[in-house]
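The file protein22.tsv comes next; it holds TSV, N, CA and C atoms.
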```
chain	number	residue	atom	x	y	z
A	23	MET	N	-15.91	1.21	59.21
A	23	MET	CA	-15.80	2.39	60.02
A	23	MET	C	-14.36	2.89	60.04
A	24	GLY	N	-13.43	1.97	60.02
A	24	GLY	CA	-12.02	2.36	60.06
A	24	GLY	C	-11.60	3.15	58.83
A	25	GLY	N	-12.25	2.87	57.70
A	25	GLY	CA	-11.92	3.59	56.47
A	25	GLY	C	-12.35	5.04	56.52
A	26	SER	N	-13.45	5.37	57.23
A	26	SER	CA	-13.92	6.75	57.32
A	26	SER	C	-12.93	7.61	58.06
A	27	ALA	N	-12.31	7.06	59.10
A	27	ALA	CA	-11.32	7.83	59.86
A	27	ALA	C	-10.12	8.16	58.98
A	28	SER	N	-9.71	7.22	58.15
A	28	SER	CA	-8.57	7.46	57.27
A	28	SER	C	-8.90	8.53	56.24
A	29	VAL	N	-10.10	8.47	55.68
A	29	VAL	CA	-10.52	9.49	54.70
A	29	VAL	C	-10.61	10.85	55.37
A	30	GLY	N	-11.16	10.88	56.59
A	30	GLY	CA	-11.26	12.14	57.34
A	30	GLY	C	-9.89	12.73	57.61
A	31	ALA	N	-8.94	11.88	58.02
A	31	ALA	CA	-7.58	12.35	58.29
A	31	ALA	C	-6.94	12.87	57.01
A	32	LEU	N	-7.20	12.21	55.90
A	32	LEU	CA	-6.65	12.63	54.61
A	32	LEU	C	-7.20	13.99	54.21
A	33	ILE	N	-8.49	14.21	54.43
A	33	ILE	CA	-9.11	15.51	54.10
A	33	ILE	C	-8.54	16.61	54.99
A	34	VAL	N	-8.45	16.35	56.29
A	34	VAL	CA	-7.91	17.34	57.22
A	34	VAL	C	-6.45	17.66	56.86
A	35	GLY	N	-5.68	16.64	56.56
A	35	GLY	CA	-4.28	16.85	56.18
A	35	GLY	C	-4.15	17.67	54.91
A	36	THR	N	-5.01	17.40	53.94
A	36	THR	CA	-4.98	18.16	52.69
A	36	THR	C	-5.34	19.62	52.92
A	37	VAL	N	-6.33	19.87	53.76
A	37	VAL	CA	-6.73	21.25	54.07
A	37	VAL	C	-5.59	21.98	54.77
A	38	LEU	N	-4.96	21.33	55.76
A	38	LEU	CA	-3.85	21.96	56.47
A	38	LEU	C	-2.68	22.24	55.53
A	39	LEU	N	-2.39	21.32	54.63
A	39	LEU	CA	-1.32	21.51	53.66
A	39	LEU	C	-1.63	22.70	52.74
A	40	SER	N	-2.88	22.84	52.34
A	40	SER	CA	-3.30	23.95	51.49
A	40	SER	C	-3.15	25.28	52.22
A	41	ILE	N	-3.55	25.32	53.49
A	41	ILE	CA	-3.41	26.54	54.29
A	41	ILE	C	-1.95	26.91	54.43
A	42	PHE	N	-1.09	25.94	54.72
A	42	PHE	CA	0.34	26.18	54.87
A	42	PHE	C	0.93	26.70	53.56
A	43	ALA	N	0.54	26.10	52.43
A	43	ALA	CA	1.06	26.53	51.13
A	43	ALA	C	0.66	27.97	50.82
A	44	ASN	N	-0.60	28.33	51.11
A	44	ASN	CA	-1.04	29.71	50.89
A	44	ASN	C	-0.28	30.68	51.77
A	45	ALA	N	-0.04	30.31	53.02
A	45	ALA	CA	0.73	31.16	53.93
A	45	ALA	C	2.15	31.37	53.42
A	46	MET	N	2.75	30.34	52.88
A	46	MET	CA	4.11	30.45	52.34
A	46	MET	C	4.15	31.38	51.12
A	47	VAL	N	3.16	31.27	50.26
A	47	VAL	CA	3.09	32.14	49.07
A	47	VAL	C	2.96	33.59	49.50
A	48	ILE	N	2.08	33.87	50.45
A	48	ILE	CA	1.89	35.23	50.94
A	48	ILE	C	3.17	35.75	51.57
A	49	THR	N	3.85	34.93	52.35
A	49	THR	CA	5.10	35.33	52.99
A	49	THR	C	6.16	35.67	51.95
A	50	LEU	N	6.28	34.87	50.93
A	50	LEU	CA	7.27	35.13	49.88
A	50	LEU	C	6.93	36.40	49.10
A	51	GLU	N	5.65	36.63	48.83
A	51	GLU	CA	5.25	37.86	48.13
A	51	GLU	C	5.55	39.09	48.98
A	52	ASN	N	5.27	39.02	50.28
A	52	ASN	CA	5.57	40.14	51.17
A	52	ASN	C	7.07	40.39	51.24
A	53	ARG	N	7.84	39.32	51.29
A	53	ARG	CA	9.30	39.46	51.33
A	53	ARG	C	9.79	40.19	50.08
A	54	GLN	N	9.24	39.81	48.92
A	54	GLN	CA	9.62	40.46	47.67
A	54	GLN	C	9.25	41.95	47.69
A	55	ARG	N	8.08	42.26	48.22
A	55	ARG	CA	7.67	43.67	48.31
A	55	ARG	C	8.61	44.47	49.20
A	56	PHE	N	9.00	43.89	50.34
A	56	PHE	CA	9.93	44.58	51.24
A	56	PHE	C	11.29	44.77	50.58
A	57	GLU	N	11.75	43.79	49.84
A	57	GLU	CA	13.02	43.93	49.13
A	57	GLU	C	12.94	45.03	48.08
A	58	ASP	N	11.80	45.12	47.40
A	58	ASP	CA	11.62	46.19	46.41
A	58	ASP	C	11.63	47.56	47.07
A	59	ILE	N	11.00	47.67	48.23
A	59	ILE	CA	10.99	48.94	48.95
A	59	ILE	C	12.40	49.31	49.38
A	60	ASP	N	13.16	48.35	49.90
A	60	ASP	CA	14.54	48.62	50.32
A	60	ASP	C	15.41	49.03	49.15
A	61	ALA	N	15.15	48.48	47.97
A	61	ALA	CA	15.98	48.77	46.80
A	61	ALA	C	15.70	50.17	46.23
A	62	ASN	N	14.53	50.74	46.53
A	62	ASN	CA	14.21	52.07	46.00
A	62	ASN	C	15.13	53.11	46.60
A	63	GLU	N	15.62	53.99	45.74
A	63	GLU	CA	16.43	55.09	46.23
A	63	GLU	C	15.51	56.17	46.75
A	64	SER	N	15.98	56.91	47.72
A	64	SER	CA	15.15	57.98	48.26
A	64	SER	C	15.07	59.12	47.25
A	65	GLU	N	14.00	59.88	47.35
A	65	GLU	CA	13.78	61.00	46.44
A	65	GLU	C	14.81	62.09	46.70
A	66	ASP	N	15.32	62.69	45.62
A	66	ASP	CA	16.23	63.84	45.75
A	66	ASP	C	15.39	65.09	45.57
A	67	VAL	N	14.74	65.50	46.65
A	67	VAL	CA	13.87	66.67	46.64
A	67	VAL	C	14.42	67.66	47.65
A	68	LYS	N	14.72	68.86	47.20
A	68	LYS	CA	15.21	69.92	48.10
A	68	LYS	C	14.37	71.16	47.84
A	69	VAL	N	13.26	71.26	48.53
A	69	VAL	CA	12.36	72.39	48.34
A	69	VAL	C	12.84	73.54	49.22
A	70	GLN	N	13.07	74.69	48.58
A	70	GLN	CA	13.51	75.89	49.28
A	70	GLN	C	12.38	76.91	49.26
A	71	ILE	N	12.24	77.66	50.32
A	71	ILE	CA	11.30	78.78	50.31
A	71	ILE	C	12.13	80.01	49.97
A	72	ASP	N	11.82	80.64	48.84
A	72	ASP	CA	12.59	81.80	48.39
A	72	ASP	C	12.19	83.04	49.17
A	73	ASN	N	10.89	83.27	49.29
A	73	ASN	CA	10.40	84.40	50.08
A	73	ASN	C	8.93	84.20	50.38
A	74	ALA	N	8.46	84.96	51.34
A	74	ALA	CA	7.05	84.93	51.73
A	74	ALA	C	6.62	86.35	52.05
A	75	THR	N	5.48	86.76	51.48
A	75	THR	CA	5.00	88.12	51.65
A	75	THR	C	3.53	88.09	52.06
A	76	LEU	N	3.20	88.87	53.08
A	76	LEU	CA	1.82	88.96	53.55
A	76	LEU	C	1.25	90.29	53.09
A	77	VAL	N	0.19	90.25	52.28
A	77	VAL	CA	-0.51	91.45	51.82
A	77	VAL	C	-1.94	91.35	52.34
A	78	THR	N	-2.29	92.25	53.23
A	78	THR	CA	-3.53	92.20	54.02
A	78	THR	C	-3.67	90.81	54.63
A	79	SER	N	-4.58	89.97	54.17
A	79	SER	CA	-4.71	88.64	54.77
A	79	SER	C	-4.32	87.52	53.79
A	80	THR	N	-3.64	87.88	52.70
A	80	THR	CA	-3.20	86.88	51.72
A	80	THR	C	-1.69	86.69	51.82
A	81	LEU	N	-1.28	85.44	51.99
A	81	LEU	CA	0.14	85.11	52.08
A	81	LEU	C	0.60	84.56	50.73
A	82	PHE	N	1.65	85.18	50.17
A	82	PHE	CA	2.26	84.73	48.92
A	82	PHE	C	3.58	84.05	49.27
A	83	ILE	N	3.79	82.84	48.76
A	83	ILE	CA	5.02	82.09	49.03
A	83	ILE	C	5.63	81.64	47.71
A	84	ASN	N	6.93	81.91	47.52
A	84	ASN	CA	7.68	81.42	46.36
A	84	ASN	C	8.56	80.27	46.82
A	85	ILE	N	8.44	79.11	46.14
A	85	ILE	CA	9.28	77.96	46.47
A	85	ILE	C	9.97	77.46	45.21
A	86	THR	N	11.13	76.81	45.41
A	86	THR	CA	11.93	76.25	44.33
A	86	THR	C	12.34	74.84	44.70
A	87	ASN	N	12.31	73.93	43.72
A	87	ASN	CA	12.82	72.57	43.92
A	87	ASN	C	14.26	72.55	43.44
A	88	GLU	N	15.21	72.50	44.36
A	88	GLU	CA	16.63	72.48	44.01
A	88	GLU	C	17.18	71.06	43.92
A	89	GLY	N	16.32	70.06	44.04
A	89	GLY	CA	16.73	68.67	43.90
A	89	GLY	C	16.66	68.22	42.45
A	90	SER	N	16.84	66.92	42.23
A	90	SER	CA	16.82	66.39	40.86
A	90	SER	C	15.58	65.55	40.56
A	91	ASP	N	14.64	65.44	41.51
A	91	ASP	CA	13.41	64.68	41.29
A	91	ASP	C	12.19	65.59	41.45
A	92	PRO	N	11.14	65.36	40.65
A	92	PRO	CA	9.91	66.14	40.84
A	92	PRO	C	9.21	65.72	42.12
A	93	VAL	N	8.38	66.61	42.64
A	93	VAL	CA	7.63	66.32	43.87
A	93	VAL	C	6.20	66.84	43.71
A	94	LEU	N	5.25	66.08	44.23
A	94	LEU	CA	3.86	66.52	44.24
A	94	LEU	C	3.69	67.70	45.19
A	95	PHE	N	2.88	68.69	44.80
A	95	PHE	CA	2.62	69.81	45.70
A	95	PHE	C	1.94	69.33	46.98
A	96	SER	N	1.19	68.25	46.91
A	96	SER	CA	0.54	67.72	48.11
A	96	SER	C	1.53	67.07	49.07
A	97	GLU	N	2.79	66.87	48.64
A	97	GLU	CA	3.83	66.30	49.50
A	97	GLU	C	4.80	67.37	50.02
A	98	ILE	N	4.47	68.63	49.76
A	98	ILE	CA	5.23	69.76	50.29
A	98	ILE	C	4.36	70.40	51.37
A	99	TRP	N	4.92	70.56	52.55
A	99	TRP	CA	4.14	71.06	53.69
A	99	TRP	C	4.57	72.46	54.07
A	100	VAL	N	3.60	73.33	54.33
A	100	VAL	CA	3.84	74.71	54.75
A	100	VAL	C	3.40	74.82	56.21
A	101	ILE	N	4.28	75.41	57.02
A	101	ILE	CA	3.98	75.60	58.44
A	101	ILE	C	4.22	77.07	58.75
A	102	LEU	N	3.24	77.72	59.35
A	102	LEU	CA	3.36	79.13	59.71
A	102	LEU	C	3.50	79.25	61.22
A	103	ASP	N	4.57	79.89	61.65
A	103	ASP	CA	4.83	80.12	63.08
A	103	ASP	C	4.68	78.87	63.93
A	104	GLY	N	5.11	77.72	63.43
A	104	GLY	CA	5.07	76.48	64.19
A	104	GLY	C	3.68	75.89	64.34
A	105	GLY	N	2.74	76.34	63.53
A	105	GLY	CA	1.36	75.83	63.62
A	105	GLY	C	1.20	74.50	62.92
A	106	ASP	N	-0.02	74.21	62.54
A	106	ASP	CA	-0.33	72.94	61.87
A	106	ASP	C	0.14	72.97	60.42
A	107	PRO	N	0.69	71.86	59.93
A	107	PRO	CA	1.14	71.81	58.53
A	107	PRO	C	-0.03	71.81	57.56
A	108	THR	N	0.18	72.49	56.44
A	108	THR	CA	-0.81	72.57	55.36
A	108	THR	C	-0.11	72.18	54.07
A	109	PRO	N	-0.72	71.34	53.23
A	109	PRO	CA	-0.06	70.99	51.98
A	109	PRO	C	0.03	72.21	51.05
A	110	PHE	N	1.13	72.32	50.31
A	110	PHE	CA	1.30	73.45	49.40
A	110	PHE	C	0.24	73.43	48.30
A	111	SER	N	-0.39	72.30	48.07
A	111	SER	CA	-1.47	72.22	47.08
A	111	SER	C	-2.65	73.13	47.48
A	112	ASP	N	-2.74	73.54	48.76
A	112	ASP	CA	-3.75	74.52	49.17
A	112	ASP	C	-3.37	75.92	48.68
A	113	TYR	N	-2.07	76.15	48.46
A	113	TYR	CA	-1.57	77.45	48.01
A	113	TYR	C	-1.46	77.53	46.49
A	114	TYR	N	-1.27	76.39	45.84
A	114	TYR	CA	-1.01	76.36	44.39
A	114	TYR	C	-1.69	75.14	43.80
A	115	SER	N	-2.56	75.35	42.81
A	115	SER	CA	-3.29	74.21	42.25
A	115	SER	C	-3.28	74.18	40.72
A	116	SER	N	-2.40	74.94	40.07
A	116	SER	CA	-2.37	74.96	38.61
A	116	SER	C	-1.85	73.66	38.03
A	117	THR	N	-0.86	73.06	38.68
A	117	THR	CA	-0.31	71.77	38.26
A	117	THR	C	-0.15	70.89	39.49
A	118	LYS	N	0.26	69.64	39.29
A	118	LYS	CA	0.41	68.72	40.42
A	118	LYS	C	1.84	68.62	40.92
A	119	TYR	N	2.83	68.89	40.04
A	119	TYR	CA	4.23	68.63	40.37
A	119	TYR	C	5.06	69.90	40.36
A	120	LEU	N	6.06	69.93	41.24
A	120	LEU	CA	7.12	70.93	41.21
A	120	LEU	C	8.35	70.22	40.67
A	121	PHE	N	8.77	70.62	39.48
A	121	PHE	CA	9.87	69.94	38.81
A	121	PHE	C	11.22	70.52	39.24
A	122	PRO	N	12.31	69.77	39.05
A	122	PRO	CA	13.64	70.25	39.42
A	122	PRO	C	13.95	71.60	38.76
A	123	GLY	N	14.42	72.54	39.57
A	123	GLY	CA	14.78	73.86	39.07
A	123	GLY	C	13.60	74.81	38.91
A	124	GLU	N	12.39	74.33	39.09
A	124	GLU	CA	11.20	75.15	38.89
A	124	GLU	C	10.88	75.96	40.14
A	125	THR	N	10.45	77.21	39.93
A	125	THR	CA	10.00	78.08	41.01
A	125	THR	C	8.55	78.44	40.76
A	126	VAL	N	7.72	78.34	41.78
A	126	VAL	CA	6.31	78.72	41.66
A	126	VAL	C	5.93	79.62	42.84
A	127	MET	N	4.88	80.43	42.60
A	127	MET	CA	4.35	81.26	43.67
A	127	MET	C	2.95	80.77	44.00
A	128	GLY	N	2.72	80.52	45.27
A	128	GLY	CA	1.40	80.12	45.73
A	128	GLY	C	0.85	81.16	46.68
A	129	SER	N	-0.45	81.15	46.86
A	129	SER	CA	-1.05	82.11	47.79
A	129	SER	C	-2.26	81.48	48.47
A	130	ASP	N	-2.53	81.97	49.67
A	130	ASP	CA	-3.69	81.50	50.41
A	130	ASP	C	-4.04	82.56	51.45
A	131	THR	N	-5.29	82.58	51.85
A	131	THR	CA	-5.74	83.49	52.89
A	131	THR	C	-5.36	82.92	54.25
A	132	VAL	N	-4.80	83.78	55.10
A	132	VAL	CA	-4.40	83.34	56.44
A	132	VAL	C	-5.03	84.25	57.48
A	133	THR	N	-5.14	83.74	58.69
A	133	THR	CA	-5.64	84.55	59.79
A	133	THR	C	-4.46	85.04	60.61
A	134	GLY	N	-4.59	86.23	61.16
A	134	GLY	CA	-3.51	86.78	61.96
A	134	GLY	C	-2.38	87.32	61.09
A	135	THR	N	-1.24	87.55	61.74
A	135	THR	CA	-0.06	88.04	61.02
A	135	THR	C	1.13	87.13	61.36
A	136	PRO	N	1.26	86.02	60.65
A	136	PRO	CA	2.39	85.12	60.92
A	136	PRO	C	3.73	85.81	60.62
A	137	VAL	N	4.77	85.39	61.33
A	137	VAL	CA	6.09	86.00	61.20
A	137	VAL	C	7.04	85.11	60.40
A	138	ARG	N	6.91	83.77	60.56
A	138	ARG	CA	7.81	82.82	59.88
A	138	ARG	C	7.01	81.83	59.06
A	139	ALA	N	7.56	81.51	57.88
A	139	ALA	CA	7.00	80.46	57.03
A	139	ALA	C	8.06	79.39	56.87
A	140	PHE	N	7.64	78.14	56.85
A	140	PHE	CA	8.54	77.00	56.83
A	140	PHE	C	7.98	75.99	55.85
A	141	VAL	N	8.82	75.44	54.95
A	141	VAL	CA	8.38	74.38	54.04
A	141	VAL	C	9.21	73.13	54.30
A	142	SER	N	8.58	71.98	54.12
A	142	SER	CA	9.26	70.71	54.36
A	142	SER	C	8.74	69.67	53.38
A	143	SER	N	9.67	68.83	52.86
A	143	SER	CA	9.28	67.74	51.98
A	143	SER	C	10.40	66.72	51.93
A	144	PHE	N	10.07	65.46	52.12
A	144	PHE	CA	11.02	64.35	52.06
A	144	PHE	C	12.25	64.59	52.93
A	145	GLY	N	12.05	65.15	54.12
A	145	GLY	CA	13.14	65.33	55.06
A	145	GLY	C	13.96	66.59	54.87
A	146	HIS	N	13.73	67.33	53.80
A	146	HIS	CA	14.45	68.59	53.59
A	146	HIS	C	13.50	69.73	53.94
A	147	SER	N	14.02	70.74	54.62
A	147	SER	CA	13.16	71.83	55.03
A	147	SER	C	13.90	73.16	54.97
A	148	ALA	N	13.13	74.23	54.87
A	148	ALA	CA	13.71	75.58	54.82
A	148	ALA	C	12.67	76.55	55.36
A	149	GLY	N	13.15	77.67	55.89
A	149	GLY	CA	12.26	78.67	56.45
A	149	GLY	C	12.62	80.06	55.97
A	150	ALA	N	11.70	81.00	56.16
A	150	ALA	CA	11.94	82.39	55.78
A	150	ALA	C	11.07	83.29	56.66
A	151	THR	N	11.55	84.51	56.84
A	151	THR	CA	10.77	85.51	57.55
A	151	THR	C	9.75	86.09	56.58
A	152	ILE	N	8.52	86.23	57.03
A	152	ILE	CA	7.46	86.78	56.18
A	152	ILE	C	7.61	88.29	56.15
A	153	GLN	N	7.62	88.84	54.96
A	153	GLN	CA	7.76	90.29	54.77
A	153	GLN	C	6.41	90.96	54.83
```
Could you express the structure from this file as structure tokens?
Amino acid sequence: MGGSASVGALIVGTVLLSIFANAMVITLENRQRFEDIDANESEDVKVQIDNATLVTSTLFINITNEGSDPVLFSEIWVILDGGDPTPFSDYYSSTKYLFPGETVMGSDTVTGTPVRAFVSSFGHSAGATIQ
């Protein structure tokens, strides 16, 4: 009977050691991921709104990326008169990226007559009066 207790303790100890080893591996992998995130440089994206024009109920917006990194249109946000943000991909869907130095015109149907248009991406933002 005494031998069964020793075998049981050995099994329990092995299981606990395995659990601890797996936890250590996961911790080290997470640490490496966090270090990789910290090492990444922030995106150099400076999206400018060149102008915005309202024709009947269609809003036309011209934007330019004055930074050195491309940005997805879905990561550029348009805000009209302080309302809810809308991704620029709703205004422009011909391509996915706005490249450095590139200017594009997007359009979408809007309700009412907004006065100000505002774009924001990666912490950089710009606004313009709607003509």
Residue contacts of A:Asp103 (8 Å, only N, CA and C atoms) excluding same-chain residues fewer than 6 positions away, as a VMD selection string
chain A and resid 136 to 140
(message) DSSP on the backbone: which residues in chain A end up as strand (DSSP E or B)? Give the answer as a VMD selection string.
(response) chain A and resid 69 to 77 80 to 87 93 to 94 99 to 102 108 to 109 119 to 120 125 to 131 138 to 143 146 to 152
- Query: Distance atom C of A:Ala74-atom C of A:Ser129, one decimal place?
  - Reply: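 Those two atoms sit 10.7 Å apart.
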(Q) What's the separation between atom CA of A:Asp66 and atom CA of A:Glu88, in Å to one decimal place? (A)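 Between atom CA of A:Asp66 and atom CA of A:Glu88 the gap is 8.8 Å.
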Can you tell me, as a ChimeraX atom specification, which residues in chain A count as alpha helix (DSSP H) by DSSP?
/A:24-61
